[in-house]
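Next comes upload-v8.cif, with mmCIF, C-alpha atoms.
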data_my_file
loop_
_atom_site.label_atom_id
_atom_site.label_comp_id
_atom_site.auth_asym_id
_atom_site.auth_seq_id
_atom_site.Cartn_x
_atom_site.Cartn_y
_atom_site.Cartn_z
CA MET A 334 0.00 0.00 0.00
CA MET A 335 2.83 2.35 0.79
CA ALA A 336 4.38 1.56 -2.56
CA VAL A 337 1.16 2.51 -4.33
CA THR A 338 0.97 5.77 -2.38
CA VAL A 339 4.53 6.68 -3.21
CA ILE A 340 4.16 5.94 -6.91
CA THR A 341 1.05 8.08 -6.99
CA ILE A 342 2.99 10.90 -5.37
CA VAL A 343 5.63 10.60 -8.06
CA LEU A 344 3.13 10.82 -10.87
CA GLN A 345 0.66 13.36 -9.49
CA ARG A 346 1.04 16.96 -10.51
CA ASN A 347 -1.59 18.71 -8.46
CA LEU A 348 0.38 19.70 -5.38
CA PHE A 349 -2.55 19.67 -3.00
CA SER A 350 -3.14 15.97 -3.67
CA VAL A 351 0.59 15.41 -3.28
CA VAL A 352 0.45 16.92 0.20
CA VAL A 353 -2.58 14.85 1.22
CA LEU A 354 -0.96 11.71 -0.15
CA ALA A 355 2.19 12.51 1.81
CA GLY A 356 0.08 12.69 4.96
CA ILE A 357 -1.47 9.31 4.15
CA TYR A 358 1.99 7.91 3.53
CA SER A 359 3.24 9.13 6.93
CA PHE A 360 0.24 7.58 8.60
CA LEU A 361 0.83 4.22 6.89
CA MET A 362 4.47 4.39 7.91
CA ALA A 363 3.43 4.98 11.52
CA THR A 364 1.19 1.92 11.37
CA VAL A 365 4.00 -0.21 9.97
CA LEU A 366 6.30 1.04 12.71
CA LEU A 367 3.70 0.06 15.29
CA ALA A 368 3.55 -3.43 13.81
CA LEU A 369 7.32 -3.56 14.24
CA ASP A 370 6.95 -2.87 17.99
CA ALA A 371 8.46 0.60 17.78
CA VAL A 372 5.85 2.41 19.84
CA ASP A 373 7.73 5.63 20.63
CA VAL A 374 8.83 6.01 17.04
CA ALA A 375 5.34 5.29 15.71
CA MET A 376 3.84 7.94 17.95
CA THR A 377 6.44 10.48 16.91
CA GLU A 378 6.12 9.66 13.22
CA ALA A 379 2.33 9.87 13.37
CA SER A 380 2.28 13.22 15.14
CA VAL A 381 5.22 14.78 13.33
CA GLY A 382 4.89 13.27 9.87
CA ALA A 383 1.15 13.18 9.47
CA GLY A 384 0.47 16.25 11.58
CA ILE A 385 3.09 18.95 11.55
CA SER A 386 4.57 18.16 8.13
CA THR A 387 1.17 18.31 6.49
CA VAL A 388 0.35 21.62 8.19
CA LEU A 389 3.67 23.14 7.10
CA LEU A 390 3.31 21.86 3.54
CA LEU A 391 -0.21 23.26 3.30
CA GLY A 392 0.98 26.60 4.63
CA ALA A 393 3.79 26.75 2.10
CA LEU A 394 1.44 25.61 -0.66
CA HIS A 395 -0.95 28.43 0.14
CA LEU A 396 1.91 30.88 -0.29
CA CYS A 397 3.34 29.28 -3.43
CA GLY A 398 0.63 28.07 -5.77
CA GLY A 399 -0.73 24.66 -6.49
CA GLU A 400 0.27 23.12 -9.80
CA GLU A 401 3.46 21.51 -10.90
CA ALA A 402 4.52 22.37 -14.41
CA LYS A 403 4.94 19.69 -17.07
CA PRO A 404 8.56 18.55 -17.23
CA LEU A 405 10.42 19.80 -20.29
CA HIS A 406 12.63 16.79 -20.92
CA ARG A 407 11.72 13.15 -20.74
CA PRO A 408 13.29 11.89 -17.50
CA TRP A 409 15.24 8.99 -18.97
CA LEU A 410 18.53 9.70 -17.24
CA PRO A 411 17.10 9.97 -13.69
CA LEU A 412 14.97 6.89 -14.32
CA GLY A 413 18.03 4.96 -15.48
CA VAL A 414 20.03 6.12 -12.47
CA ALA A 415 17.19 5.11 -10.18
CA LEU A 416 16.98 1.62 -11.65
CA VAL A 417 20.74 1.13 -11.38
CA ILE A 418 20.60 2.15 -7.72
CA VAL A 419 17.73 -0.27 -7.11
CA GLY A 420 19.79 -3.07 -8.58
CA ALA A 421 22.85 -2.21 -6.54
CA LEU A 422 20.93 -1.89 -3.27
CA VAL A 423 18.99 -5.12 -3.73
CA TYR A 424 22.24 -6.89 -4.46
CA GLY A 425 23.58 -5.46 -1.21
CA THR A 426 20.61 -6.50 0.88
CA PHE A 427 21.35 -10.16 0.42
CA ALA A 428 24.32 -9.72 2.70
CA LEU A 429 22.21 -8.25 5.49
CA PRO A 430 20.78 -10.40 8.29
CA GLU A 431 17.35 -11.87 7.80
CA PHE A 432 14.24 -10.44 9.35
CA SER A 433 14.10 -11.13 13.07
CA ASP A 434 17.36 -12.99 13.28
CA PRO A 435 18.27 -13.27 16.97
CA LEU A 436 21.96 -13.78 16.32
CA ALA A 437 22.45 -10.62 14.28
CA PRO A 438 25.37 -8.47 15.44
CA PHE A 439 22.79 -5.75 15.80
CA ARG A 440 21.70 -7.35 19.01
CA THR A 441 24.87 -8.02 20.89
CA HIS A 442 27.38 -5.60 22.43
CA VAL A 443 25.62 -2.83 24.29
CA ILE A 444 21.92 -3.67 23.89
CA PRO A 445 21.64 -6.42 26.52
CA ARG A 446 23.32 -4.13 29.03
CA TYR A 447 20.79 -1.38 28.36
CA LEU A 448 17.85 -3.75 28.56
CA GLU A 449 18.97 -5.39 31.76
CA GLN A 450 20.20 -2.41 33.68
CA ALA A 451 17.99 0.47 32.58
CA LEU A 452 15.40 -0.17 35.25
CA ALA A 453 17.93 -0.73 37.98
CA GLU A 454 20.09 2.27 37.18
CA THR A 455 17.49 4.87 36.25
CA GLY A 456 14.18 3.74 37.70
CA VAL A 457 12.44 4.32 34.38
CA PRO A 458 10.76 1.31 32.71
CA ASN A 459 10.61 2.83 29.24
CA VAL A 460 14.04 1.86 27.94
CA VAL A 461 13.82 4.22 24.97
CA THR A 462 13.29 7.23 27.23
CA ALA A 463 16.04 6.06 29.55
CA VAL A 464 18.52 5.72 26.72
CA LEU A 465 17.39 8.96 25.08
CA ALA A 466 17.52 11.12 28.17
CA SER A 467 20.17 9.49 30.29
CA TYR A 468 22.56 7.14 28.55
CA ARG A 469 22.66 9.22 25.36
CA GLY A 470 21.72 12.58 26.81
CA TYR A 471 24.25 14.52 24.75
CA ASP A 472 22.58 13.43 21.54
CA THR A 473 19.25 14.70 22.82
CA LEU A 474 20.85 18.01 23.74
CA GLY A 475 22.13 18.27 20.18
CA GLU A 476 18.71 17.44 18.83
CA VAL A 477 16.99 20.13 20.89
CA VAL A 478 19.55 22.60 19.62
CA VAL A 479 18.74 21.52 16.04
CA VAL A 480 15.04 22.17 16.63
CA PHE A 481 15.88 25.52 18.18
CA THR A 482 18.08 26.40 15.19
CA ALA A 483 15.32 25.47 12.76
CA GLY A 484 12.97 27.76 14.66
CA ILE A 485 15.23 30.77 14.59
CA GLY A 486 16.17 29.99 11.00
CA VAL A 487 12.55 30.19 9.92
CA ILE A 488 12.11 33.37 11.95
CA ALA A 489 15.13 34.91 10.22
CA LEU A 490 13.97 33.87 6.75
CA LEU A 491 10.34 34.88 7.03
CA ARG A 492 10.52 37.88 9.29
CA ARG A 493 10.49 40.61 6.71
CA VAL A 494 7.23 41.16 4.88
CA PRO A 495 7.83 41.21 1.11
CA ARG A 496 8.78 44.49 -0.47
CA ARG A 497 5.98 44.26 -3.03
CA GLU A 498 3.72 45.86 -0.43
CA GLU A 499 5.30 49.27 -0.89
CA GLU A 500 4.83 49.25 -4.64
CA ARG A 501 1.06 48.67 -4.51
CA MET B 1400 12.38 -18.47 3.44
CA SER B 1401 15.24 -16.35 2.26
CA ALA B 1402 12.95 -14.28 0.03
CA PHE B 1403 10.61 -13.50 2.90
CA GLY B 1404 13.54 -12.80 5.15
CA HIS B 1405 14.69 -9.90 3.03
CA TYR B 1406 11.27 -8.53 2.07
CA SER B 1407 11.49 -5.59 4.45
CA TYR B 1408 14.75 -4.47 2.87
CA TRP B 1409 13.27 -4.52 -0.61
CA ILE B 1410 10.36 -2.34 0.41
CA THR B 1411 12.87 0.01 1.97
CA VAL B 1412 14.89 0.10 -1.21
CA LEU B 1413 11.79 0.78 -3.30
CA LEU B 1414 10.72 3.68 -1.10
CA MET B 1415 14.24 5.07 -0.95
CA VAL B 1416 14.68 5.07 -4.70
CA ALA B 1417 11.21 6.53 -5.28
CA GLY B 1418 12.07 9.40 -2.96
CA LEU B 1419 15.43 9.86 -4.66
CA TYR B 1420 13.77 9.86 -8.07
CA ILE B 1421 11.38 12.61 -7.02
CA VAL B 1422 14.27 14.72 -5.80
CA ILE B 1423 16.36 14.45 -8.94
CA ALA B 1424 13.72 14.21 -11.65
CA ARG B 1425 11.07 16.72 -10.67
CA GLY B 1426 11.54 20.44 -10.90
CA ASN B 1427 8.95 21.76 -8.46
CA LEU B 1428 10.62 22.71 -5.19
CA ILE B 1429 7.79 21.62 -2.92
CA LYS B 1430 7.57 18.24 -4.62
CA LYS B 1431 11.31 17.83 -4.17
CA LEU B 1432 10.92 18.43 -0.46
CA VAL B 1433 8.15 15.84 -0.26
CA GLY B 1434 10.44 13.40 -2.07
CA LEU B 1435 13.18 14.15 0.44
CA SER B 1436 10.90 13.37 3.34
CA ILE B 1437 9.86 10.09 1.67
CA PHE B 1438 13.54 9.22 1.39
CA GLN B 1439 14.03 9.96 5.08
CA THR B 1440 11.10 7.82 6.18
CA SER B 1441 12.41 4.89 4.18
CA VAL B 1442 15.66 5.18 6.13
CA TYR B 1443 13.68 4.92 9.38
CA LEU B 1444 12.25 1.66 8.12
CA LEU B 1445 15.75 0.51 7.20
CA TYR B 1446 16.91 0.92 10.78
CA ILE B 1447 13.91 -0.34 12.70
CA ALA B 1448 12.89 -3.40 10.72
CA PRO B 1449 15.97 -5.47 11.63
CA GLY B 1450 15.44 -4.70 15.28
CA LYS B 1451 12.18 -6.54 15.58
CA LEU B 1452 12.07 -9.95 17.16
CA ILE B 1453 9.04 -12.03 16.26
CA GLY B 1454 7.52 -12.89 19.65
CA GLY B 1455 9.18 -9.97 21.38
CA THR B 1456 7.44 -6.86 22.56
CA ALA B 1457 7.97 -3.13 22.79
CA PRO B 1458 11.03 -2.10 24.80
CA ILE B 1459 9.18 -1.09 27.95
CA ILE B 1460 10.23 -3.27 30.84
CA ALA B 1461 7.29 -4.92 32.56
CA ASP B 1462 6.70 -8.16 34.45
CA GLY B 1463 5.84 -11.17 32.38
CA PHE B 1464 7.78 -10.23 29.26
CA ARG B 1465 11.25 -11.52 28.63
CA LEU B 1466 12.00 -10.75 25.02
CA TYR B 1467 12.26 -7.13 23.93
CA THR B 1468 12.92 -5.53 20.61
CA ASN B 1469 16.11 -3.61 20.20
CA PRO B 1470 15.67 -0.10 21.69
CA LEU B 1471 18.78 1.55 20.32
CA PRO B 1472 17.54 2.18 16.76
CA HIS B 1473 14.34 3.63 18.24
CA VAL B 1474 16.39 6.31 19.95
CA LEU B 1475 18.34 7.17 16.82
CA ILE B 1476 15.26 7.29 14.65
CA LEU B 1477 13.38 9.46 17.15
CA THR B 1478 16.13 12.03 16.75
CA ALA B 1479 16.12 11.57 13.00
CA ILE B 1480 12.37 12.21 12.70
CA VAL B 1481 12.61 15.49 14.57
CA VAL B 1482 15.63 16.60 12.56
CA GLY B 1483 13.72 15.67 9.40
CA VAL B 1484 10.82 17.95 10.23
CA ALA B 1485 13.24 20.75 11.12
CA THR B 1486 14.83 20.36 7.68
CA LEU B 1487 11.42 20.36 6.02
CA ALA B 1488 10.42 23.57 7.81
CA LEU B 1489 13.58 25.39 6.77
CA GLY B 1490 13.33 24.08 3.20
CA LEU B 1491 9.74 25.31 2.92
CA ALA B 1492 10.72 28.72 4.28
CA ILE B 1493 13.42 28.99 1.61
CA ALA B 1494 10.92 27.89 -1.05
CA VAL B 1495 8.52 30.62 0.04
CA ARG B 1496 11.28 33.22 -0.20
CA ILE B 1497 12.32 31.94 -3.64
CA ARG B 1498 8.74 32.21 -4.78
CA GLU B 1499 8.58 35.80 -3.65
CA ALA B 1500 11.90 36.67 -5.28
CA TYR B 1501 11.47 34.87 -8.62
CA GLY B 1502 7.73 34.50 -8.93
CA SER B 1503 7.88 30.75 -9.45
CA ILE B 1504 9.03 27.56 -7.72
CA GLU B 1505 9.87 25.55 -10.82
CA GLU B 1506 13.56 24.83 -11.08
CA ASP B 1507 13.68 25.39 -14.85
CA GLU B 1508 12.09 28.81 -14.65
CA ILE B 1509 14.36 29.88 -11.80
CA LEU B 1510 17.50 28.83 -13.67
CA ALA B 1511 16.29 30.60 -16.82
CA ALA B 1512 15.64 33.79 -14.85
CA ASP B 1513 19.15 33.60 -13.39
CA ARG B 1514 20.72 33.11 -16.80
CA ASP B 1515 18.74 36.01 -18.23
CA SER B 1516 19.74 38.36 -15.45
CA GLU B 1517 23.38 37.32 -15.77
CA GLY B 1518 23.29 37.93 -19.54
CA GLY B 1519 21.75 41.35 -19.08
CA ALA B 1520 23.86 42.45 -16.10
CA MET C 954 -23.02 28.84 8.95
CA LYS C 955 -24.02 25.33 9.95
CA ARG C 956 -20.60 23.99 9.09
CA GLN C 957 -18.90 26.70 11.06
CA MET C 958 -20.97 25.89 14.10
CA VAL C 959 -20.16 22.19 13.94
CA LEU C 960 -16.47 22.95 13.72
CA ARG C 961 -16.61 25.39 16.62
CA VAL C 962 -18.45 22.99 18.91
CA VAL C 963 -16.24 20.04 18.05
CA GLY C 964 -13.17 22.20 18.44
CA LYS C 965 -14.20 23.42 21.86
CA LEU C 966 -14.85 19.84 22.92
CA PHE C 967 -11.58 18.44 21.62
CA ILE C 968 -8.95 21.03 22.30
CA PRO C 969 -8.84 20.75 26.12
CA TYR C 970 -8.50 16.98 25.79
CA MET C 971 -5.73 17.35 23.26
CA LEU C 972 -3.79 19.62 25.60
CA LEU C 973 -4.42 17.24 28.48
CA PHE C 974 -3.24 14.34 26.37
CA ALA C 975 -0.09 16.27 25.54
CA LEU C 976 0.62 16.74 29.24
CA TYR C 977 -0.10 13.07 29.87
CA VAL C 978 2.26 11.94 27.13
CA GLN C 979 4.95 14.28 28.45
CA PHE C 980 4.98 13.11 32.01
CA HIS C 981 4.03 9.51 31.44
CA GLY C 982 6.89 9.05 29.01
CA ASP C 983 8.74 7.14 31.66
CA PHE C 984 6.20 4.34 31.83
CA GLY C 985 4.71 4.18 28.39
CA PRO C 986 5.56 5.48 24.97
CA GLY C 987 5.98 9.20 24.89
CA GLY C 988 8.35 11.81 26.14
CA GLY C 989 9.20 15.36 25.28
CA PHE C 990 9.05 15.37 21.48
CA GLN C 991 5.70 13.73 21.06
CA ALA C 992 4.15 15.86 23.80
CA GLY C 993 5.52 19.07 22.31
CA VAL C 994 4.15 18.26 18.87
CA ILE C 995 0.73 17.28 20.23
CA ALA C 996 0.45 20.48 22.26
CA ALA C 997 1.43 22.58 19.23
CA ALA C 998 -1.07 20.67 17.11
CA ALA C 999 -3.83 21.47 19.61
CA ILE C 1000 -3.13 25.19 19.37
CA ILE C 1001 -2.80 25.02 15.58
CA PHE C 1002 -6.19 23.31 15.50
CA TYR C 1003 -7.58 26.20 17.54
CA ALA C 1004 -6.00 28.68 15.11
CA LEU C 1005 -7.48 26.89 12.10
CA ILE C 1006 -11.01 27.02 13.50
CA PHE C 1007 -11.15 30.35 15.28
CA GLY C 1008 -8.70 32.34 13.18
CA LEU C 1009 -5.10 33.36 13.59
CA PRO C 1010 -5.71 36.58 15.63
CA ALA C 1011 -7.65 34.61 18.24
CA ALA C 1012 -4.80 32.11 18.52
CA ARG C 1013 -2.31 34.97 18.77
CA ARG C 1014 -4.28 36.35 21.71
CA LEU C 1015 -4.24 32.92 23.32
CA ALA C 1016 -0.51 32.27 22.82
CA PRO C 1017 1.07 35.65 22.16
CA ASP C 1018 4.26 35.95 20.15
CA PRO C 1019 6.64 37.00 22.96
CA ILE C 1020 5.60 34.01 25.06
CA VAL C 1021 6.10 31.58 22.18
CA GLU C 1022 9.50 33.02 21.36
CA ALA C 1023 10.47 32.83 25.01
CA MET C 1024 9.40 29.18 25.11
CA VAL C 1025 11.67 28.39 22.19
CA ALA C 1026 14.74 29.51 24.08
CA LEU C 1027 13.66 28.47 27.54
CA GLY C 1028 13.58 24.75 26.80
CA VAL C 1029 17.15 24.69 25.52
CA LEU C 1030 18.28 26.71 28.54
CA LEU C 1031 16.51 24.27 30.83
CA PHE C 1032 18.24 21.31 29.26
CA ALA C 1033 21.66 22.95 29.40
CA GLY C 1034 20.88 24.11 32.92
CA VAL C 1035 20.37 20.56 34.11
CA GLY C 1036 23.81 19.79 32.75
CA VAL C 1037 25.36 22.73 34.55
CA ALA C 1038 23.62 21.69 37.74
CA GLY C 1039 25.37 18.38 37.34
CA ILE C 1040 28.72 20.15 37.32
CA VAL C 1041 27.83 22.40 40.25
CA LEU C 1042 26.83 19.46 42.40
CA GLY C 1043 30.03 17.54 41.80
CA GLY C 1044 29.78 15.30 38.76
CA ASN C 1045 30.47 15.78 35.07
CA TYR C 1046 28.22 17.69 32.65
CA LEU C 1047 24.75 16.10 32.40
CA ASP C 1048 25.39 13.63 35.21
CA TYR C 1049 22.08 12.91 36.81
CA PHE C 1050 23.02 10.76 39.73
CA VAL C 1051 24.48 13.67 41.70
CA LEU C 1052 21.21 15.60 41.65
CA ASP C 1053 19.80 13.85 44.67
CA GLY C 1054 20.93 11.76 47.63
CA ASP C 1055 19.77 8.51 46.08
CA PRO C 1056 21.33 8.08 42.60
CA VAL C 1057 18.25 6.43 41.10
CA ALA C 1058 16.00 9.26 42.26
CA GLY C 1059 18.56 11.66 40.89
CA GLN C 1060 18.30 9.98 37.50
CA HIS C 1061 14.54 10.24 37.65
CA ARG C 1062 14.67 13.92 38.49
CA GLY C 1063 17.20 14.65 35.78
CA ILE C 1064 15.16 12.82 33.14
CA PHE C 1065 12.02 14.68 34.23
CA TRP C 1066 13.55 18.12 33.81
CA VAL C 1067 15.31 17.24 30.59
CA GLU C 1068 12.13 15.96 28.97
CA ALA C 1069 10.26 19.05 30.19
CA GLY C 1070 12.85 21.26 28.52
CA VAL C 1071 12.56 19.30 25.28
CA GLY C 1072 8.76 19.54 25.32
CA ILE C 1073 8.79 23.29 25.88
CA THR C 1074 11.20 23.97 23.05
CA VAL C 1075 9.43 21.69 20.57
CA THR C 1076 6.04 23.28 21.34
CA GLY C 1077 7.45 26.76 20.95
CA VAL C 1078 9.27 26.05 17.70
CA MET C 1079 6.37 24.26 15.99
CA LEU C 1080 3.96 26.98 17.00
CA LYS C 1081 6.29 29.79 15.95
CA ILE C 1082 6.89 28.21 12.55
CA PHE C 1083 3.15 27.89 12.04
CA TYR C 1084 2.63 31.53 13.01
CA MET C 1085 5.28 32.63 10.51
CA PHE C 1086 3.82 30.63 7.64
CA ALA C 1087 0.21 31.51 8.33
CA GLY C 1088 0.89 35.10 9.24
CA ARG C 1089 2.76 35.76 6.01
CA GLY C 1090 -0.15 34.75 3.85
CA ARG C 1091 -2.46 36.85 5.91
CA SER C 1092 -0.34 39.97 5.58
CA LEU C 1093 -0.21 39.45 1.80
CA ASP C 1094 -4.00 39.18 1.68
CA GLU C 1095 -4.69 42.18 3.85
CA ARG C 1096 -2.69 44.69 1.85
#

Let's see the structure in the file written out as structure tokens.
Amino acid sequence: MMAVTVITIVLQRNLFSVVVLAGIYSFLMATVLLALDAVDVAMTEASVGAGISTVLLLGALHLCGGEEAKPLHRPWLPLGVALVIVGALVYGTFALPEFSDPLAPFRTHVIPRYLEQALAETGVPNVVTAVLASYRGYDTLGEVVVVFTAGIGVIALLRRVPRREEER
Amino acid sequence: MSAFGHYSYWITVLLMVAGLYIVIARGNLIKKLVGLSIFQTSVYLLYIAPGKLIGGTAPIIADGFRLYTNPLPHVLILTAIVVGVATLALGLAIAVRIREAYGSIEEDEILAADRDSEGGA
Amino acid sequence: MKRQMVLRVVGKLFIPYMLLFALYVQFHGDFGPGGGFQAGVIAAAAIIFYALIFGLPAARRLAPDPIVEAMVALGVLLFAGVGVAGIVLGGNYLDYFVLDGDPVAGQHRGIFWVEAGVGITVTGVMLKIFYMFAGRGRSLDER
């Protein structure tokens, strides 16, 4: 279903439908993430991807206009590049561990320590929050600074009202 | 069994390349940004799918459950989602400014306007 | 007119619950899914919902610009402040176990304040970005 949504996004030219389809896509992604037991991530993806992203895209669309122009050249080169990349990546995936393989190197090293000791050391049952806020707190500090920077960046870019006002 | 085992990766690859195709083959700036966010969400899938254990549960420690899915990719992807929306917001702000400066958000028209102004000036 | 009334009534019913849910997700992030980011986005979405139904000036009266801008900076300061408190009380930067007599309670306290800081900043930034996008279109229409 997600593949169908994405292909429709590629082909559609009315930007409003593209934005709505992107919201549907985010929602489907959140559902898939939930099926993969990633509850924190699913909640964040649903609220951020299907909520805030759609609102921002609609706001920008209102300011920019709603149709995409017809492409001038036939997109053979990008299509060829895309197919070559698909081939290369699929060839690479055969070396990756299978779905739900308990012996994958993904799962050894530091993960068992986090799972076993998070409750004892921090008193917080949600391991994701414990890792995010305590074991990897620096990364979260960096992330909050990124959000802050995006905010002041948008303020700096959109603060001045366009000069066309004075000409009218 | 091997085909099913790698199915999640193939979906990831399909989504990733679709997003990449939108970015390089379409000229409209807003559509490019949507393609970029599709690319980013496919990367989330790439990281989280291998972490799942069939028969495990969400990584919240409670009595009665012994097998948990891997929490470390969840943490990384949580950060990545928020950074992704920050990027989207800044990209849209730049697109709005470009629209006000050039009158259009199609890449071809913007490049043509730049070439014209360079030829004249 | 009928449609407007339906939206207003539904909005007035839903928005307090959305804000309450945001607070719940924020502080219950220790025991269930949630935490600062999700709560911040949900709270911002509640106020954006209010702005969509009742108009941008009404939302600006509810959450005025100086407060939103202050929120953006305050969360980051709170987070960094917890780190500095760690130094002042004897450990390294962002050490939580020195914040209280019992190290586990210290961790809990540290995580609480850090997540609160994250939630405040995310709410402020999302709301401010929405104000900038929506306010720009409005100023173009009014002139």

Could you check the closest approach to chain B for each of C:Ala1087, C:Ala997, C:Ile1082, C:Leu1042 and tell me which residue wins, using all atoms listed in the file?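 Nearest to chain B: C:Ile1082.
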
For the PyMOL selection byres ((chain A and resi 415) around 12), applied here, can you spell out every residue it catches as a PyMOL selection string? (chain A and resi 408-414+416-422) or (chain B and resi 1412-1424)

Considering all atoms listed in the file, tabulate each residue of chain A that lies at most 8 Å from chain C along with its nearest interatomic pair and the corresponding distance in Å to one decimal; arrange the rows by chain and ascending residue number and present them as a Markdown table.
| residue | atom | partner | partner_atom | distance |
| --- | --- | --- | --- | --- |
| A:Val372 | CA | C:Pro986 | CA | 6.0 |
| A:Asp373 | CA | C:Pro986 | CA | 4.9 |
| A:Met376 | CA | C:Gln991 | CA | 6.8 |
| A:Thr377 | CA | C:Gln991 | CA | 5.3 |
| A:Ser380 | CA | C:Val994 | CA | 6.5 |
| A:Val381 | CA | C:Val994 | CA | 6.6 |
| A:Gly384 | CA | C:Ala998 | CA | 7.2 |
| A:Ile385 | CA | C:Ala998 | CA | 7.2 |
| A:Val388 | CA | C:Phe1083 | CA | 7.9 |
| A:Leu389 | CA | C:Phe1083 | CA | 6.9 |
| A:Gly392 | CA | C:Phe1086 | CA | 5.8 |
| A:Ala393 | CA | C:Phe1086 | CA | 6.8 |
| A:His395 | CA | C:Gly1090 | CA | 7.4 |
| A:Leu396 | CA | C:Gly1090 | CA | 6.0 |
| A:Ala453 | CA | C:Val1057 | CA | 7.8 |
| A:Glu454 | CA | C:Val1057 | CA | 6.0 |
| A:Thr455 | CA | C:Val1057 | CA | 5.2 |
| A:Gly456 | CA | C:Val1057 | CA | 5.9 |
| A:Val457 | CA | C:Asp983 | CA | 5.4 |
| A:Pro458 | CA | C:Phe984 | CA | 5.5 |
| A:Asn459 | CA | C:Asp983 | CA | 5.3 |
| A:Thr462 | CA | C:Asp983 | CA | 6.4 |
| A:Ala463 | CA | C:Asp983 | CA | 7.7 |
| A:Ala466 | CA | C:Ile1064 | CA | 5.8 |
| A:Ser467 | CA | C:Ile1064 | CA | 6.7 |
| A:Gly470 | CA | C:Leu1047 | CA | 7.3 |
| A:Tyr471 | CA | C:Leu1047 | CA | 7.8 |
| A:Leu474 | CA | C:Phe1032 | CA | 6.9 |
| A:Val477 | CA | C:Val1071 | CA | 6.3 |
| A:Val478 | CA | C:Val1029 | CA | 6.7 |
| A:Val480 | CA | C:Val1075 | CA | 6.9 |
| A:Phe481 | CA | C:Val1025 | CA | 6.5 |
| A:Ala483 | CA | C:Val1078 | CA | 7.8 |
| A:Gly484 | CA | C:Val1078 | CA | 5.1 |
| A:Val487 | CA | C:Ile1082 | CA | 6.5 |
| A:Ile488 | CA | C:Met1085 | CA | 7.0 |
| A:Leu491 | CA | C:Met1085 | CA | 6.5 |
| A:Arg492 | CA | C:Met1085 | CA | 7.5 |
| A:Val494 | CA | C:Arg1089 | CA | 7.1 |
| A:Glu498 | CA | C:Arg1096 | CA | 6.9 |

Taking the file above as input, evaluate the PyMOL selection byres ((chain B and resi 1494-1511) around 8) and report the hits as a list in words.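 With the shown file as input, the PyMOL selection byres ((chain B and resi 1494-1511) around 8) matches Ala393, Leu396, Cys397, Glu401, Ala402, Leu490, Leu491 and Pro495 of chain A; Gly1426, Asn1427, Leu1428, Ile1429, Gly1490, Leu1491, Ala1492, Ile1493, Ala1512, Asp1513, Arg1514 and Asp1515 of chain B.
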
Evaluate the PyMOL selection byres ((chain B and resi 1484) around 9) and record the selected residues as a ChimeraX atom specification, following the chain and residue labels used in the document. /A:381-382,385-386,480 /B:1436,1479-1483,1485-1489

Determine the nearest neighbour of chain A from the options B:Leu1475, B:Thr1411, B:Ile1460, B:Gly1434, counting all atoms listed in the file.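 Closest to chain A, using all atoms listed in the file: B:Ile1460.
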
What is the distance, in Å and to one decimal place, between CA of Pro445 (chain A) and CA of Ile1447 (chain B)? 17.0 Å

If I put a ball of radius 10 Å at (-1.6, 28.9, 23.0) in the file's coordinates, which residues poke into it when counting all atoms listed in the file, written as number ranges by chain? C: 972, 996-997, 999-1001, 1003-1004, 1011-1018, 1020-1021, 1076-1077, 1080

When you look at region 356-368 of chain A with a cut-off of 7 Å (counting only C-alpha atoms), what residues show up, excluding the ones that are within fewer than 6 positions of it in the same chain? I need them as number ranges by chain. A: 335, 338, 375, 378-379, 382-383, 387

For a test of reading the model, state the distance in Å between CA of Ile1476 (chain B) and CA of Tyr1446 (chain B), rounded to one decimal.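 Between these atoms lies a distance of 7.6 Å.
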
Rounded to one decimal, what separation in Å do you get between CA of Thr473 (chain A) and CA of Ala451 (chain A)?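 CA of Ala451 (chain A) lies at a distance of 17.3 Å from CA of Thr473 (chain A).
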
Quick one: of B:Ser1407, B:Ser1516, B:Phe1438, B:Leu1445, who's nearest to chain A, counting all atoms listed in the file?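 Smallest separation from chain A among the options: B:Ser1407.
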
Can you give me N, CA and C atoms for region 1428-1434 of chain B, written as a JSON list (two decimals), keeping the file's coordinate frame?
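Contents of selection-v5.json, as written:
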[["chain", "number", "residue", "atom", "x", "y", "z"],
["B", 1428, "LEU", "N", 9.87, 22.75, -6.44],
["B", 1428, "LEU", "CA", 10.62, 22.71, -5.19],
["B", 1428, "LEU", "C", 9.85, 22.01, -4.08],
["B", 1429, "ILE", "N", 8.55, 22.25, -4.00],
["B", 1429, "ILE", "CA", 7.79, 21.62, -2.92],
["B", 1429, "ILE", "C", 7.74, 20.11, -3.13],
["B", 1430, "LYS", "N", 7.61, 19.68, -4.38],
["B", 1430, "LYS", "CA", 7.57, 18.24, -4.62],
["B", 1430, "LYS", "C", 8.92, 17.62, -4.29],
["B", 1431, "LYS", "N", 10.00, 18.36, -4.55],
["B", 1431, "LYS", "CA", 11.31, 17.83, -4.17],
["B", 1431, "LYS", "C", 11.40, 17.62, -2.68],
["B", 1432, "LEU", "N", 10.84, 18.58, -1.90],
["B", 1432, "LEU", "CA", 10.92, 18.43, -0.46],
["B", 1432, "LEU", "C", 10.08, 17.25, 0.01],
["B", 1433, "VAL", "N", 8.94, 17.02, -0.62],
["B", 1433, "VAL", "CA", 8.15, 15.84, -0.26],
["B", 1433, "VAL", "C", 8.93, 14.58, -0.57],
["B", 1434, "GLY", "N", 9.62, 14.56, -1.72],
["B", 1434, "GLY", "CA", 10.44, 13.40, -2.07],
["B", 1434, "GLY", "C", 11.53, 13.18, -1.05]]
